[in-house]
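Asks: Sharing a structure, written as structure tokens. Questions coming.
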Amino acid sequence: MRELRGKVAAVTGAASGLGRAMALALADEGMHVALGDVADTSDTFAQVEARGVSALSMKLDVSNAPEVEAFAQLIDRELGGAHLVCNNAGVSPLGAPWKMSEGDWRWILGVNLWGVIHGVRSFVPRLLARDEGHVVNTASVAGIINPPGSAAYNVTKHAVVALSETLYHDLRERTARVGVSVLCPAYVPTGIADSERNRPAGVEPTVKTKETLAREAMLRKAVSSGRLTADDVARAVVQAVKEERFYVLTHPRIKGAIRARMEDILEERAPRNPMSL
């Protein structure tokens, strides 16, 4: 999907962070942009329109399949259908796997994994019917390596990478003119460290231990001091879509930890802690 100008992008998690940055970067390319988020997207909406393209927004819980389908239908009606789909919404509650509440497990699986599944199920048939388009699924380096203290997040992001790779193969088998990219950034200054602000009512939180609080503080520091900005990552996504490139690894320094994990698997040895490499 090399030509973007005049086409339509759907972006979830568009109120802030990477979603907002992607929406604006795509608008800069001349794309019309549909914004979905559980939070208020009015600022992103105004900035997209200020770039001289069309915008629409919808309050959207990506863990809810009917809402995602309604988002796709709205884009069909108002903008003529999406050409590019960015399944980006995500949350990141921390904790050891045996200490995470069932509520937090269900919440993160619902947003990070089911949100992508629902996006694929609603939009890919439309892209196939158009025989044109591209899907960008936001994973993380936590979809390729497994940092301690974030079991649920790692599980969802590994699943997103697996889904994306399989989607790529399935589309190629059908010689479809639909591309796929999986975005795997490391630390970027976004709102992911403050996911609690979007916790749904009634979702049982994990009891935070001193260890979890310390990890949250470390995550906030790492995210806020990231060398790349959300805008940098968004530009990398735009370039990957233009080049129809699958893996989008925005932080080359993390490749050493990825290589170490692959070596551990091939040598059948216990995994090394990626945070100590």
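Residue numbering restarts at 1 in every chain; chains get A, B, ... in the order shown in the structure tokens, and ligands count up from 1 in that same order.
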For Glu244 of chain A, please output as a list of chain:residue names all residues within 9 Å (counting only C-alpha atoms; exclusion window: fewer than 3 positions along the same chain).

Replies: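 The residues satisfying every condition are A:Met1, A:Arg2, A:His134, A:Gly179, A:Val180, A:Ser181, A:Gln239, A:Ala240, A:Val241.
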
Asks: Please list as a ChimeraX atom specification every residue within 8 Å of segment 83-86 of chain A, counting only C-alpha atoms and excluding residues in the same chain fewer than 3 positions away.

Replies: /A:7-12,119,123,127,132-138

Asks: If you count only C-alpha atoms, which residues fall within 9 Å of segment 22-33 of chain A, apart from same-chain ones fewer than 2 positions away, as a ChimeraX atom specification?

Replies: /A:4-11,14,17-20,35,44-45,47-49,51-57,79,82,86,230-231,233-235,237-238

Asks: Looking only at helix (DSSP H, G or I) from DSSP on the backbone, list the matching residues of segment 28-90 of chain A as a PyMOL selection string.

Replies: chain A and resi 28+42-49+65-79

Asks: Quick one: residues within 10 Å of Ser164 of chain A, only C-alpha atoms counted, chain neighbours fewer than 4 positions away excluded, as a VMD selection string?

Replies: chain A and resid 116 to 117 120 135 to 139 158 to 160 168 to 170 180 to 183 246 to 247

Asks: Please produce a file of the residues just selected, as a short mmCIF file (atom, residue, chain, number, x, y, z; two decimals), in the first residue's frame, where the atoms kept are all heavy atoms.

Replies:
data_model
loop_
_atom_site.label_atom_id
_atom_site.label_comp_id
_atom_site.auth_asym_id
_atom_site.auth_seq_id
_atom_site.Cartn_x
_atom_site.Cartn_y
_atom_site.Cartn_z
N VAL A 116 -7.45 -6.58 18.99
CA VAL A 116 -6.84 -6.84 17.69
C VAL A 116 -7.64 -7.89 16.92
O VAL A 116 -7.88 -7.75 15.72
CB VAL A 116 -5.38 -7.27 17.86
CG1 VAL A 116 -4.75 -7.62 16.50
CG2 VAL A 116 -4.56 -6.18 18.55
N ILE A 117 -8.07 -8.94 17.63
CA ILE A 117 -8.87 -9.98 16.98
C ILE A 117 -10.14 -9.38 16.38
O ILE A 117 -10.49 -9.64 15.22
CB ILE A 117 -9.23 -11.09 17.97
CG1 ILE A 117 -7.98 -11.86 18.40
CG2 ILE A 117 -10.26 -12.06 17.37
CD1 ILE A 117 -8.20 -12.82 19.57
N VAL A 120 -9.33 -7.37 13.30
CA VAL A 120 -9.07 -8.23 12.15
C VAL A 120 -10.37 -8.79 11.59
O VAL A 120 -10.61 -8.79 10.38
CB VAL A 120 -8.09 -9.36 12.54
CG1 VAL A 120 -8.04 -10.45 11.47
CG2 VAL A 120 -6.69 -8.80 12.80
N VAL A 135 -2.97 -3.69 7.25
CA VAL A 135 -3.29 -3.79 8.68
C VAL A 135 -2.01 -3.59 9.47
O VAL A 135 -0.99 -4.23 9.19
CB VAL A 135 -3.89 -5.18 9.02
CG1 VAL A 135 -4.15 -5.30 10.52
CG2 VAL A 135 -5.16 -5.43 8.23
N VAL A 136 -2.05 -2.71 10.47
CA VAL A 136 -0.94 -2.52 11.40
C VAL A 136 -1.43 -2.93 12.79
O VAL A 136 -2.37 -2.32 13.32
CB VAL A 136 -0.45 -1.07 11.43
CG1 VAL A 136 0.67 -0.91 12.47
CG2 VAL A 136 0.04 -0.62 10.06
N ASN A 137 -0.81 -3.95 13.36
CA ASN A 137 -1.15 -4.38 14.71
C ASN A 137 -0.04 -3.93 15.66
O ASN A 137 1.13 -4.25 15.44
CB ASN A 137 -1.30 -5.90 14.78
CG ASN A 137 -2.49 -6.40 13.99
OD1 ASN A 137 -3.50 -5.69 13.85
ND2 ASN A 137 -2.41 -7.61 13.46
N THR A 138 -0.42 -3.20 16.70
CA THR A 138 0.57 -2.74 17.67
C THR A 138 0.83 -3.83 18.70
O THR A 138 -0.06 -4.19 19.47
CB THR A 138 0.12 -1.46 18.39
OG1 THR A 138 -0.03 -0.41 17.42
CG2 THR A 138 1.13 -1.03 19.43
N ALA A 139 2.04 -4.36 18.68
CA ALA A 139 2.49 -5.30 19.71
C ALA A 139 3.49 -4.54 20.58
O ALA A 139 3.17 -3.46 21.09
CB ALA A 139 3.10 -6.55 19.08
N HIS A 158 2.79 -11.21 22.77
CA HIS A 158 3.24 -12.38 22.01
C HIS A 158 2.09 -12.89 21.12
O HIS A 158 2.31 -13.29 19.97
CB HIS A 158 3.71 -13.49 22.96
CG HIS A 158 5.14 -13.37 23.36
ND1 HIS A 158 6.16 -14.08 22.76
CD2 HIS A 158 5.74 -12.60 24.29
CE1 HIS A 158 7.31 -13.78 23.31
NE2 HIS A 158 7.09 -12.87 24.24
N ALA A 159 0.89 -12.89 21.66
CA ALA A 159 -0.26 -13.35 20.88
C ALA A 159 -0.51 -12.44 19.69
O ALA A 159 -0.88 -12.92 18.60
CB ALA A 159 -1.50 -13.42 21.77
N VAL A 160 -0.33 -11.14 19.86
CA VAL A 160 -0.52 -10.21 18.74
C VAL A 160 0.52 -10.46 17.65
O VAL A 160 0.20 -10.43 16.44
CB VAL A 160 -0.47 -8.75 19.23
CG1 VAL A 160 -0.40 -7.78 18.04
CG2 VAL A 160 -1.69 -8.43 20.07
N TYR A 168 -0.48 -12.65 8.04
CA TYR A 168 0.37 -12.39 6.88
C TYR A 168 0.42 -13.62 5.97
O TYR A 168 0.21 -13.54 4.75
CB TYR A 168 1.77 -11.99 7.33
CG TYR A 168 2.74 -11.78 6.19
CD1 TYR A 168 2.83 -10.54 5.55
CD2 TYR A 168 3.53 -12.82 5.73
CE1 TYR A 168 3.70 -10.34 4.49
CE2 TYR A 168 4.40 -12.63 4.67
CZ TYR A 168 4.49 -11.39 4.06
OH TYR A 168 5.35 -11.21 3.00
N HIS A 169 0.68 -14.81 6.57
CA HIS A 169 0.76 -16.03 5.77
C HIS A 169 -0.57 -16.35 5.10
O HIS A 169 -0.61 -16.73 3.92
CB HIS A 169 1.18 -17.22 6.66
CG HIS A 169 2.55 -17.10 7.24
ND1 HIS A 169 3.63 -16.66 6.50
CD2 HIS A 169 3.03 -17.39 8.48
CE1 HIS A 169 4.72 -16.66 7.27
NE2 HIS A 169 4.37 -17.10 8.46
N ASP A 170 -1.66 -16.21 5.85
CA ASP A 170 -2.97 -16.53 5.30
C ASP A 170 -3.33 -15.63 4.12
O ASP A 170 -3.92 -16.07 3.13
CB ASP A 170 -4.04 -16.44 6.39
CG ASP A 170 -3.99 -17.60 7.38
OD1 ASP A 170 -3.38 -18.63 7.04
OD2 ASP A 170 -4.55 -17.46 8.48
N VAL A 180 0.37 -6.51 5.88
CA VAL A 180 0.33 -6.59 7.34
C VAL A 180 1.66 -6.09 7.89
O VAL A 180 2.73 -6.42 7.36
CB VAL A 180 0.09 -8.03 7.83
CG1 VAL A 180 0.01 -8.07 9.35
CG2 VAL A 180 -1.15 -8.63 7.20
N SER A 181 1.59 -5.32 8.95
CA SER A 181 2.77 -4.94 9.72
C SER A 181 2.49 -5.17 11.19
O SER A 181 1.36 -5.00 11.64
CB SER A 181 3.12 -3.46 9.51
OG SER A 181 3.45 -3.18 8.17
N VAL A 182 3.52 -5.55 11.94
CA VAL A 182 3.40 -5.65 13.39
C VAL A 182 4.43 -4.70 14.00
O VAL A 182 5.62 -4.76 13.68
CB VAL A 182 3.57 -7.10 13.90
CG1 VAL A 182 4.95 -7.66 13.59
CG2 VAL A 182 3.26 -7.19 15.39
N LEU A 183 3.94 -3.81 14.84
CA LEU A 183 4.76 -2.77 15.45
C LEU A 183 5.26 -3.25 16.81
O LEU A 183 4.45 -3.61 17.67
CB LEU A 183 3.94 -1.48 15.60
CG LEU A 183 4.58 -0.34 16.39
CD1 LEU A 183 5.87 0.13 15.73
CD2 LEU A 183 3.58 0.81 16.54
N PHE A 246 6.83 -5.92 7.06
CA PHE A 246 6.10 -6.60 8.14
C PHE A 246 6.58 -6.17 9.53
O PHE A 246 5.82 -5.58 10.29
CB PHE A 246 6.19 -8.12 7.99
CG PHE A 246 5.42 -8.86 9.05
CD1 PHE A 246 4.05 -9.01 8.93
CD2 PHE A 246 6.05 -9.36 10.17
CE1 PHE A 246 3.31 -9.67 9.93
CE2 PHE A 246 5.33 -10.01 11.17
CZ PHE A 246 3.96 -10.17 11.04
N TYR A 247 7.81 -6.47 9.89
CA TYR A 247 8.28 -6.16 11.24
C TYR A 247 8.69 -4.70 11.33
O TYR A 247 9.46 -4.20 10.50
CB TYR A 247 9.48 -7.03 11.63
CG TYR A 247 9.17 -8.50 11.75
CD1 TYR A 247 9.61 -9.40 10.79
CD2 TYR A 247 8.42 -9.00 12.81
CE1 TYR A 247 9.33 -10.76 10.89
CE2 TYR A 247 8.14 -10.36 12.92
CZ TYR A 247 8.59 -11.23 11.95
OH TYR A 247 8.31 -12.56 12.05
#

Asks: Tell me which protein, DNA and RNA residues are within 9 Å of Leu277 of chain A, counting only C-alpha atoms, leaving out same-chain ones fewer than 4 positions away, and put them as a list in words.

Replies: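 Within the cut-off, the hits are Gly256, Ala257, Ala260, Arg272 and Asn273 of chain A.
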
Asks: If I take atom CA of Met275 of chain A and atom CA of Gly149 of chain A, how far is one from the other in Å, to one decimal?

Replies: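 Spanning atom CA of Met275 of chain A to atom CA of Gly149 of chain A is a straight-line distance of 10.9 Å.
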